[in-house]
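Read the structure below first, then the notes.
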Amino acid sequence: MMMKELSLHILDIVQNSIVAGATLIEIAIKVDHAGDWMAISVSDNGRGMDKVLLSQVESPFTTSRTTRKVGLGIPMFKAGAEGAGGSFTIKSTPGKGAYIEATYQISHLDRPPLGDIAGTLYVTVVCNDTIDIVFRYTVDDAGYSLDTREIRAVLGEDVPFNTPEVSQWIKNELAEGIHSLNGGV
Amino acid sequence: MKSIQELEAIRKKTLESINLRKDTEGTRIVVGMATCGIAAGARPVLTAFMDEAAKRNLQHVVVAQTGCIGVCRLEPIVEVYQPGKEKVTYVKVTPDMVGKIVTEHIVNGNPVTGYTIGYYEAHSK
């Protein structure tokens, strides 16, 4: 089974960062129509992986979960990129964090659509308000970014992101910002 | 971010209700968001619960995500925790089931039996 949208892979990969104890997660999407190329990257400052785990993590038979013995998130993300004219990179320094990047040929028939990236960011930001999240979305010459540290600075420590008014503000902000780029990938 | 000024107004408006929120033990709605849950459609379920809680201004409800709940074939799985009550587990949840769960269970206190794991296991053989 493959994820139907690239934004679902992002949601899935970000869970690894959360489980790794990250306090800062950066999600970047770059789309270059002229070059027929796009890249998705997730970097975090979590506990990272040592060389042994890093060498095994692309295999479905490696997982840190305790409920079963296979982990498909990273293998599916990698297979999806490599099957769509792109590449896959994973780097990590134990204690410092991890970096994952997948690239795609935009016009490749097997490249899934980006899908509901606003939905992915909405749930990630609102449900994890103790983690700083930076999102940068670049489409050709235009860009949109959201940094939850700026939201936190305005709200102070007392108002959680899941307060109804705040969660809807975040939802609308993401929808408008992403729509304004009219990414359409 | 364009409309960050609006947040200041939201902050002032909500500070009072926040204190209220802290004082009461509330309901937790937890959606499984491991690879299995996400692939099975957990994201629109989670956003539907978040939207519904916000729309109805449910101040004592926290919607959260968790990892693999362990019964991947029944994803998306949603667990509801309420103080003093037994946990209720909903399976194969779709966004169109969310309104009913919120109205009947979260607001009125009557779990939607037909959507629970117990009902599913008893009737799917």
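Just so we're on the same page: first chain in the structure tokens is A, next is B, and so on; residues restart at 1 for each chain, and ligands are numbered from 1 in the order they show up.
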Please report as a Markdown table every residue of chain B lying within 8 Å of chain A, along with the nearest atom pair and their distance in Å (one decimal), using only C-alpha atoms.
```
| residue | atom | partner | partner_atom | distance |
| --- | --- | --- | --- | --- |
| B:Met1 | CA | A:Leu146 | CA | 5.9 |
| B:Lys2 | CA | A:Glu173 | CA | 7.5 |
| B:Ser3 | CA | A:Glu173 | CA | 7.1 |
| B:Ile4 | CA | A:Ile151 | CA | 7.3 |
| B:Leu7 | CA | A:Val154 | CA | 6.7 |
| B:Glu8 | CA | A:Val154 | CA | 6.1 |
| B:Ile10 | CA | A:Glu165 | CA | 6.7 |
| B:Arg11 | CA | A:Leu155 | CA | 5.6 |
| B:Thr14 | CA | A:Val159 | CA | 7.5 |
| B:Leu15 | CA | A:Val159 | CA | 6.7 |
| B:Ile18 | CA | A:Val159 | CA | 6.8 |
| B:Met33 | CA | A:Asp12 | CA | 7.6 |
| B:Ala34 | CA | A:Asp12 | CA | 6.6 |
| B:Thr35 | CA | A:Gly73 | CA | 5.7 |
| B:Ile38 | CA | A:Leu8 | CA | 6.7 |
| B:Ala39 | CA | A:Met3 | CA | 5.7 |
| B:Arg43 | CA | A:Thr120 | CA | 7.3 |
| B:Pro44 | CA | A:Gly119 | CA | 7.8 |
| B:Leu46 | CA | A:Val123 | CA | 7.3 |
| B:Thr47 | CA | A:Val123 | CA | 6.5 |
| B:Met50 | CA | A:Ser167 | CA | 8.0 |
| B:Asp51 | CA | A:Gln168 | CA | 7.6 |
| B:Ala53 | CA | A:Pro164 | CA | 7.0 |
| B:Ala54 | CA | A:Pro164 | CA | 4.1 |
| B:Lys55 | CA | A:Pro164 | CA | 7.3 |
| B:Asn57 | CA | A:Pro164 | CA | 5.9 |
| B:Leu58 | CA | A:Pro164 | CA | 7.6 |
| B:Gln59 | CA | A:Thr163 | CA | 7.3 |
| B:Val62 | CA | A:Asn162 | CA | 7.3 |
| B:Val63 | CA | A:Cys127 | CA | 7.3 |
| B:Ala64 | CA | A:Cys127 | CA | 5.6 |
| B:Gln65 | CA | A:Cys127 | CA | 6.6 |
| B:Gly67 | CA | A:Gln15 | CA | 7.9 |
| B:Cys68 | CA | A:Thr67 | CA | 7.0 |
| B:Ile69 | CA | A:Thr67 | CA | 7.5 |
| B:Gly70 | CA | A:Thr67 | CA | 5.3 |
```
TODO: Assign secondary structure with DSSP using the backbone only, and return the residues of chain B in alpha helix (DSSP H) as a ChimeraX atom specification.
DONE: /B:5-23,35-40,42-55,95-100,117-123
TODO: Quick one: pull the distance between CA of Asp32 (chain A) and CA of Ile106 (chain A), Å, one decimal.
DONE: 8.5 Å
- [ ] Would you kindly return, as a list in words, each protein, DNA or RNA residue with an atom no farther than 10 Å from any atom of Tyr99 (chain A), considering only C-alpha atoms and excluding same-chain residues fewer than 4 positions away?
- [x]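 Selected residues are Ser17, Ile25, Glu26, Ile27, Ser41, Val42, Ser43, Asp44, Asn45, Gly48, Thr89, Ile90, Lys91, Ser92 and Thr93 of chain A.
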Open item on the list: Here is a test: counting only C-alpha atoms, which residue of A:Thr103, A:Thr23, A:Gln56, A:Thr130 is nearest to Ile40 (chain A)?
Closed with: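 For Ile40 (chain A), the nearest of the given residues is A:Thr103.
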- [ ] Determine the nearest neighbour of Lys87 (chain B) from the options B:Ser124, B:Thr66, B:Asn108, B:Thr27, counting only C-alpha atoms.
- [x] B:Thr27
Open item on the list: Restricting the calculation to only C-alpha atoms: of A:Val52, A:Leu6, A:Leu109, A:Ala98, which residue gets closest to Lys78 (chain A)?
Closed with: A:Leu6
- [ ] Within 10 Å of Glu82 (chain A), counting only C-alpha atoms, which residues show up once you throw out same-chain ones fewer than 2 positions away? Write them as a list in words, please.
- [x]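 With the cut-off at 10 Å, the set is Met76, Phe77, Lys78, Ala79, Gly80, Ala84, Gly85, Gly86, Ser87, Phe88, Ala102, Thr103, Tyr104, Gln105, Asp110 and Arg111 of chain A.
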Any chance you can output those residues with C-alpha atoms as a PDB file, in the first residue's frame?
```
ATOM      1  CA  MET A  76       7.251   3.725   1.329  1.00  0.00           C
ATOM      2  CA  PHE A  77       8.466   7.329   1.212  1.00  0.00           C
ATOM      3  CA  LYS A  78      11.747   6.189  -0.378  1.00  0.00           C
ATOM      4  CA  ALA A  79      10.120   3.804  -2.862  1.00  0.00           C
ATOM      5  CA  GLY A  80       7.630   6.472  -3.898  1.00  0.00           C
ATOM      6  CA  ALA A  84       8.843   8.765  -9.629  1.00  0.00           C
ATOM      7  CA  GLY A  85      12.128   9.856 -11.170  1.00  0.00           C
ATOM      8  CA  GLY A  86      13.457  11.245  -7.897  1.00  0.00           C
ATOM      9  CA  SER A  87      15.837  10.428  -5.098  1.00  0.00           C
ATOM     10  CA  PHE A  88      15.802   9.800  -1.386  1.00  0.00           C
ATOM     11  CA  ALA A 102      12.647  13.055  -1.137  1.00  0.00           C
ATOM     12  CA  THR A 103      12.689  14.508  -4.634  1.00  0.00           C
ATOM     13  CA  TYR A 104      10.359  13.864  -7.554  1.00  0.00           C
ATOM     14  CA  GLN A 105      10.049  14.515 -11.243  1.00  0.00           C
ATOM     15  CA  ASP A 110       3.747   7.652 -10.739  1.00  0.00           C
ATOM     16  CA  ARG A 111       4.235  10.801  -8.690  1.00  0.00           C
TER      17      ARG A 111
END
```
- [ ] Using DSSP on the backbone coordinates, identify all residues within region 100-173 of chain A classified as strand (DSSP E); present the result as a ChimeraX atom specification.
- [x] /A:100-105,132-139,142-147
Task: Close residues, Thr116 (chain B) itself excluded, 6 Å, only C-alpha atoms, min 4 positions apart in chain, as a count of residues only - done: 3
Open item on the list: With distances taken over only C-alpha atoms, which residue among B:Gly41, B:Gln82, B:Ile77, B:Glu6 lies nearest Tyr115 (chain B)?
Closed with: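 Closest to Tyr115 (chain B), using only C-alpha atoms: B:Ile77.
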Task: Atom pair CA of Ile106 (chain B) / CA of Val93 (chain B): separation (Å) - done: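 Interatomic distance, CA of Ile106 (chain B) to CA of Val93 (chain B): 15.4 Å.
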